[in-house]
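Enquirer: So here's my_file_23.csv (CSV, C-alpha atoms).
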```
chain,number,residue,atom,x,y,z
X,1,MET,CA,0.0,0.0,0.0
X,2,ALA,CA,2.8,2.4,0.9
X,3,ARG,CA,4.6,1.7,-2.4
X,4,GLN,CA,1.5,2.5,-4.3
X,5,MET,CA,1.0,5.8,-2.5
X,6,ILE,CA,4.6,6.9,-3.0
X,7,LEU,CA,4.4,5.9,-6.7
X,8,ASN,CA,1.2,7.9,-7.0
X,9,LEU,CA,2.9,11.0,-5.5
X,10,ILE,CA,5.9,10.6,-7.7
X,11,ILE,CA,3.6,10.4,-10.8
X,12,ALA,CA,1.8,13.6,-9.6
X,13,PHE,CA,5.1,15.5,-9.1
X,14,LEU,CA,6.4,14.2,-12.5
X,15,TRP,CA,3.3,15.5,-14.1
X,16,MET,CA,3.8,18.9,-12.5
X,17,LEU,CA,7.4,18.9,-13.6
X,18,LEU,CA,6.7,18.0,-17.2
X,19,ASN,CA,3.9,20.5,-17.5
X,20,GLN,CA,5.8,23.2,-15.5
X,21,SER,CA,2.6,23.7,-13.6
X,22,TRP,CA,3.3,24.0,-9.9
X,23,THR,CA,-0.2,24.6,-8.8
X,24,GLY,CA,-2.8,22.7,-6.8
X,25,ALA,CA,-4.7,21.9,-9.9
X,26,GLY,CA,-1.6,20.5,-11.6
X,27,PHE,CA,-1.0,18.3,-8.6
X,28,VAL,CA,-4.6,17.0,-8.5
X,29,THR,CA,-4.4,16.3,-12.2
X,30,GLY,CA,-1.2,14.4,-11.8
X,31,TYR,CA,-2.6,12.5,-8.8
X,32,VAL,CA,-5.7,11.4,-10.6
X,33,LEU,CA,-3.6,10.4,-13.6
X,34,GLY,CA,-1.4,8.4,-11.2
X,35,LEU,CA,-4.5,6.7,-9.7
X,36,LEU,CA,-5.5,5.7,-13.2
X,37,ILE,CA,-2.1,4.3,-14.1
X,38,ILE,CA,-1.8,2.4,-10.8
X,39,GLY,CA,-5.4,1.1,-11.3
X,40,ILE,CA,-4.6,-0.2,-14.7
X,41,PHE,CA,-1.4,-1.9,-13.6
X,42,ARG,CA,-2.6,-3.0,-10.1
X,43,ARG,CA,-2.3,-6.7,-11.0
X,44,PHE,CA,1.4,-6.3,-10.9
X,45,PHE,CA,1.3,-5.1,-7.3
X,46,PRO,CA,1.3,-7.8,-4.5
X,47,THR,CA,-1.2,-5.7,-2.4
X,48,PRO,CA,-4.7,-4.6,-3.3
X,49,PHE,CA,-5.3,-1.1,-4.7
X,50,TYR,CA,-4.7,1.3,-1.8
X,51,ILE,CA,-7.7,3.5,-2.5
X,52,VAL,CA,-9.9,0.6,-1.5
X,53,ARG,CA,-8.4,0.6,2.0
X,54,ILE,CA,-8.6,4.4,2.3
X,55,TRP,CA,-12.3,4.2,1.3
X,56,ALA,CA,-12.8,1.5,4.0
X,57,VAL,CA,-11.2,3.8,6.6
X,58,ILE,CA,-13.5,6.6,5.6
X,59,LYS,CA,-16.5,4.3,5.9
X,60,LEU,CA,-15.3,3.2,9.3
X,61,LEU,CA,-15.0,6.8,10.6
X,62,LYS,CA,-18.4,7.7,9.1
X,63,MET,CA,-20.0,4.6,10.8
X,64,LEU,CA,-18.4,5.6,14.1
X,65,LEU,CA,-19.8,9.2,13.9
X,66,VAL,CA,-23.3,7.9,13.1
X,67,GLN,CA,-23.1,5.4,16.0
X,68,LEU,CA,-21.9,8.2,18.3
X,69,PHE,CA,-24.8,10.5,17.4
X,70,ARG,CA,-27.4,7.8,17.4
X,71,SER,CA,-26.4,6.3,20.8
X,72,SER,CA,-26.0,9.8,22.3
X,73,PHE,CA,-29.6,10.6,21.5
X,74,GLN,CA,-30.7,7.3,22.9
X,75,VAL,CA,-28.9,7.8,26.2
X,76,ILE,CA,-30.2,11.4,26.5
X,77,GLY,CA,-33.7,10.2,25.7
X,78,ALA,CA,-33.5,7.5,28.4
X,79,ILE,CA,-32.2,10.0,31.0
X,80,LEU,CA,-34.8,12.7,30.2
X,81,LYS,CA,-37.8,10.4,30.6
X,82,PRO,CA,-39.7,11.0,33.9
X,83,LYS,CA,-39.3,7.3,34.8
X,84,LEU,CA,-35.9,5.8,34.2
X,85,ASP,CA,-36.8,2.6,32.4
X,86,ILE,CA,-33.4,0.9,31.7
X,87,THR,CA,-31.9,-2.5,32.2
X,88,PRO,CA,-28.2,-2.2,32.5
X,89,GLY,CA,-26.1,-5.3,32.2
X,90,THR,CA,-22.8,-6.9,31.4
X,91,PHE,CA,-22.2,-9.4,28.6
X,92,LYS,CA,-19.4,-11.4,27.0
X,93,TYR,CA,-18.5,-10.6,23.4
X,94,ARG,CA,-16.5,-13.2,21.5
X,95,THR,CA,-14.6,-11.5,18.7
X,96,GLU,CA,-13.2,-12.9,15.5
X,97,LEU,CA,-10.5,-10.2,15.4
X,98,THR,CA,-7.0,-11.6,15.9
X,99,SER,CA,-4.4,-8.8,16.0
X,100,ASP,CA,-3.8,-6.6,19.0
X,101,PHE,CA,-4.4,-3.5,16.9
X,102,GLU,CA,-7.8,-4.7,15.7
X,103,ILE,CA,-8.9,-5.6,19.2
X,104,MET,CA,-7.7,-2.3,20.5
X,105,ILE,CA,-9.6,-0.4,17.9
X,106,LEU,CA,-12.8,-2.4,18.7
X,107,PHE,CA,-12.2,-1.8,22.4
X,108,LEU,CA,-11.9,1.9,21.9
X,109,PHE,CA,-14.9,2.2,19.6
X,110,ILE,CA,-17.1,0.3,22.1
X,111,SER,CA,-15.9,2.6,24.9
X,112,LEU,CA,-16.4,5.7,22.9
X,113,THR,CA,-20.0,4.9,22.0
X,114,PRO,CA,-22.3,6.3,24.7
X,115,GLY,CA,-24.3,3.6,26.5
X,116,THR,CA,-21.6,1.0,26.3
X,117,LEU,CA,-18.3,0.5,28.0
X,118,ALA,CA,-15.7,-2.2,27.3
X,119,LEU,CA,-14.5,-3.4,30.7
X,120,GLU,CA,-11.9,-6.0,30.0
X,121,ILE,CA,-10.2,-8.2,27.5
X,122,SER,CA,-9.7,-11.9,28.4
X,123,LYS,CA,-6.2,-13.4,28.6
X,124,ASN,CA,-6.7,-15.2,25.3
X,125,LYS,CA,-7.6,-11.9,23.6
X,126,ARG,CA,-10.8,-13.4,22.1
X,127,THR,CA,-13.4,-12.3,24.6
X,128,LEU,CA,-14.4,-8.8,25.6
X,129,TYR,CA,-16.5,-8.0,28.6
X,130,ILE,CA,-18.9,-5.1,27.9
X,131,HIS,CA,-21.2,-3.1,30.1
X,132,ALA,CA,-24.4,-1.7,28.4
X,133,PHE,CA,-26.5,1.1,29.7
X,134,ASN,CA,-29.7,-0.4,28.4
X,135,MET,CA,-29.4,-4.0,27.5
X,136,SER,CA,-32.8,-5.4,26.5
X,137,ASP,CA,-31.4,-8.3,24.5
X,138,GLU,CA,-27.9,-9.6,24.7
X,139,GLU,CA,-28.0,-11.3,21.3
X,140,GLU,CA,-29.1,-8.0,19.7
X,141,MET,CA,-26.1,-6.2,21.3
X,142,VAL,CA,-23.7,-8.8,20.1
X,143,SER,CA,-25.0,-8.9,16.6
X,144,SER,CA,-25.0,-5.0,16.5
X,145,ILE,CA,-21.3,-4.9,17.4
X,146,ARG,CA,-20.4,-7.8,15.0
X,147,ASP,CA,-22.3,-6.3,12.1
X,148,SER,CA,-21.1,-2.7,12.5
X,149,PHE,CA,-17.7,-2.2,14.3
X,150,GLU,CA,-16.1,-5.6,13.8
X,151,LYS,CA,-17.1,-6.0,10.2
X,152,ALA,CA,-15.8,-2.5,9.4
X,153,ILE,CA,-12.5,-3.0,11.2
X,154,MET,CA,-11.9,-6.2,9.3
X,155,GLU,CA,-12.5,-4.3,6.0
X,156,VAL,CA,-9.8,-1.8,7.0
X,157,THR,CA,-7.2,-4.2,8.4
X,158,ARG,CA,-7.5,-7.2,6.1
```
Could you express the structure from this file as structure tokens?

Expert:
Amino acid sequence: MARQMILNLIIAFLWMLLNQSWTGAGFVTGYVLGLLIIGIFRRFFPTPFYIVRIWAVIKLLKMLLVQLFRSSFQVIGAILKPKLDITPGTFKYRTELTSDFEIMILFLFISLTPGTLALEISKNKRTLYIHAFNMSDEEEMVSSIRDSFEKAIMEVTR
């Protein structure tokens, strides 16, 4: 991935040099041209096209922001009700993530989201213990984390 990015930057600067156009528009034109060239010759690179991974990172950050806003309003709504009708609870979450970096990102995303708090990671690094502010259904919470955060993290890191 890093080689493709560096090659793309080299192509962009070469384009600017050949056109004697040291402007932002010249750089963008060269960068897009580099993307097209690398896209055409991507089968010669051992790694996938790097724009795919950058797009996955953007999707992951967008999903995190959406989850932050959605869960913030759910927590605020539960607190502002005249009668606090919540069922807090702790549950085990078995993850399919393997690397320490992936597990750390999942742990941080769960802790950042209002209404949930990651408490501990087991010794085998496969199980997370999570506290939920309002846990009506444990299976729903597990599938929510698996379908959102874990899936997006796998897209970025693998």

Enquirer: What is the distance, in Å and to one decimal place, between atom CA of Glu139 of chain X and atom CA of Ile86 of chain X?

Expert: 16.9 Å

Enquirer: Compile the contact shell of Asn134 of chain X as a ChimeraX atom specification: residues with an atom at most 9 Å away, counting all atoms listed in the file, same-chain residues fewer than 4 positions apart removed.

Expert: /X:75,78,85-89,115-116

Enquirer: Give as a PyMOL selection string each residue that has an atom at most 6 Å from (-11.4, -2.0, 6.2) in the file, counting all atoms listed in the file.

Expert: chain X and resi 53+56-57+152-157

Enquirer: With distances taken over only C-alpha atoms, which of X:Tyr93, X:Leu108, X:Leu68, X:Thr23 is nearest to Glu138 of chain X?

Expert: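 Among X:Tyr93, X:Leu108, X:Leu68, X:Thr23, it is X:Tyr93 that comes nearest to Glu138 of chain X.
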
Enquirer: Point out the residue among X:Ser111, X:Ser143, X:Thr29, X:Ser122 with the least atom-to-atom distance to Trp15 of chain X, counting only C-alpha atoms.

Expert: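 The closest residue to Trp15 of chain X is X:Thr29.
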
Enquirer: Between X:Phe13, X:Phe41, X:Phe149, X:Trp55, which one has atoms that come closest to Leu97 of chain X, using all atoms listed in the file?

Expert: X:Phe149

Enquirer: How many Å lie between atom CA of Leu60 of chain X and atom CA of Glu102 of chain X, rounded to one decimal?

Expert: 12.6 Å

Enquirer: Counting all atoms listed in the file, which residue out of X:Thr113, X:Ser144, X:Thr90, X:Asn124 sits closest to Leu64 of chain X?

Expert: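 Once distances to Leu64 of chain X are computed over all atoms listed in the file, the minimum belongs to X:Thr113.
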
Enquirer: Using all atoms listed in the file, pick whichever of X:Leu9, X:Ile58, X:Met16, X:Val52 has the shortest atom-to-atom distance to Tyr31 of chain X.

Expert: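 Nearest candidate to Tyr31 of chain X out of X:Leu9, X:Ile58, X:Met16, X:Val52: X:Leu9.
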
Enquirer: Do you have the atom CA of Ser72 of chain X-atom CA of Phe133 of chain X distance handy?

Expert: 11.4 Å

Enquirer: Calculated over only C-alpha atoms, which of the candidates X:Lys83, X:Lys62, X:Arg43, X:Arg94 has the smallest distance to Ser148 of chain X?

Expert: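 Checking each candidate against Ser148 of chain X, we get X:Lys62 as the closest.
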
Enquirer: Identify the residues around (1.3, 8.4, -4.4) within a radius of 12 Å, measuring from all atoms listed in the file in the coordinates stated by the file, and give them as a short mmCIF file (atom, residue, chain, number, x, y, z; two decimals) with C-alpha atoms, keeping the file's coordinate frame.

Expert:
```cif
data_model
loop_
_atom_site.label_atom_id
_atom_site.label_comp_id
_atom_site.auth_asym_id
_atom_site.auth_seq_id
_atom_site.Cartn_x
_atom_site.Cartn_y
_atom_site.Cartn_z
CA MET X 1 0.00 0.00 0.00
CA ALA X 2 2.80 2.40 0.90
CA ARG X 3 4.60 1.70 -2.40
CA GLN X 4 1.50 2.50 -4.30
CA MET X 5 1.00 5.80 -2.50
CA ILE X 6 4.60 6.90 -3.00
CA LEU X 7 4.40 5.90 -6.70
CA ASN X 8 1.20 7.90 -7.00
CA LEU X 9 2.90 11.00 -5.50
CA ILE X 10 5.90 10.60 -7.70
CA ILE X 11 3.60 10.40 -10.80
CA ALA X 12 1.80 13.60 -9.60
CA PHE X 13 5.10 15.50 -9.10
CA LEU X 14 6.40 14.20 -12.50
CA PHE X 27 -1.00 18.30 -8.60
CA VAL X 28 -4.60 17.00 -8.50
CA GLY X 30 -1.20 14.40 -11.80
CA TYR X 31 -2.60 12.50 -8.80
CA VAL X 32 -5.70 11.40 -10.60
CA LEU X 33 -3.60 10.40 -13.60
CA GLY X 34 -1.40 8.40 -11.20
CA LEU X 35 -4.50 6.70 -9.70
CA LEU X 36 -5.50 5.70 -13.20
CA ILE X 37 -2.10 4.30 -14.10
CA ILE X 38 -1.80 2.40 -10.80
CA PHE X 49 -5.30 -1.10 -4.70
CA TYR X 50 -4.70 1.30 -1.80
CA ILE X 51 -7.70 3.50 -2.50
#
```
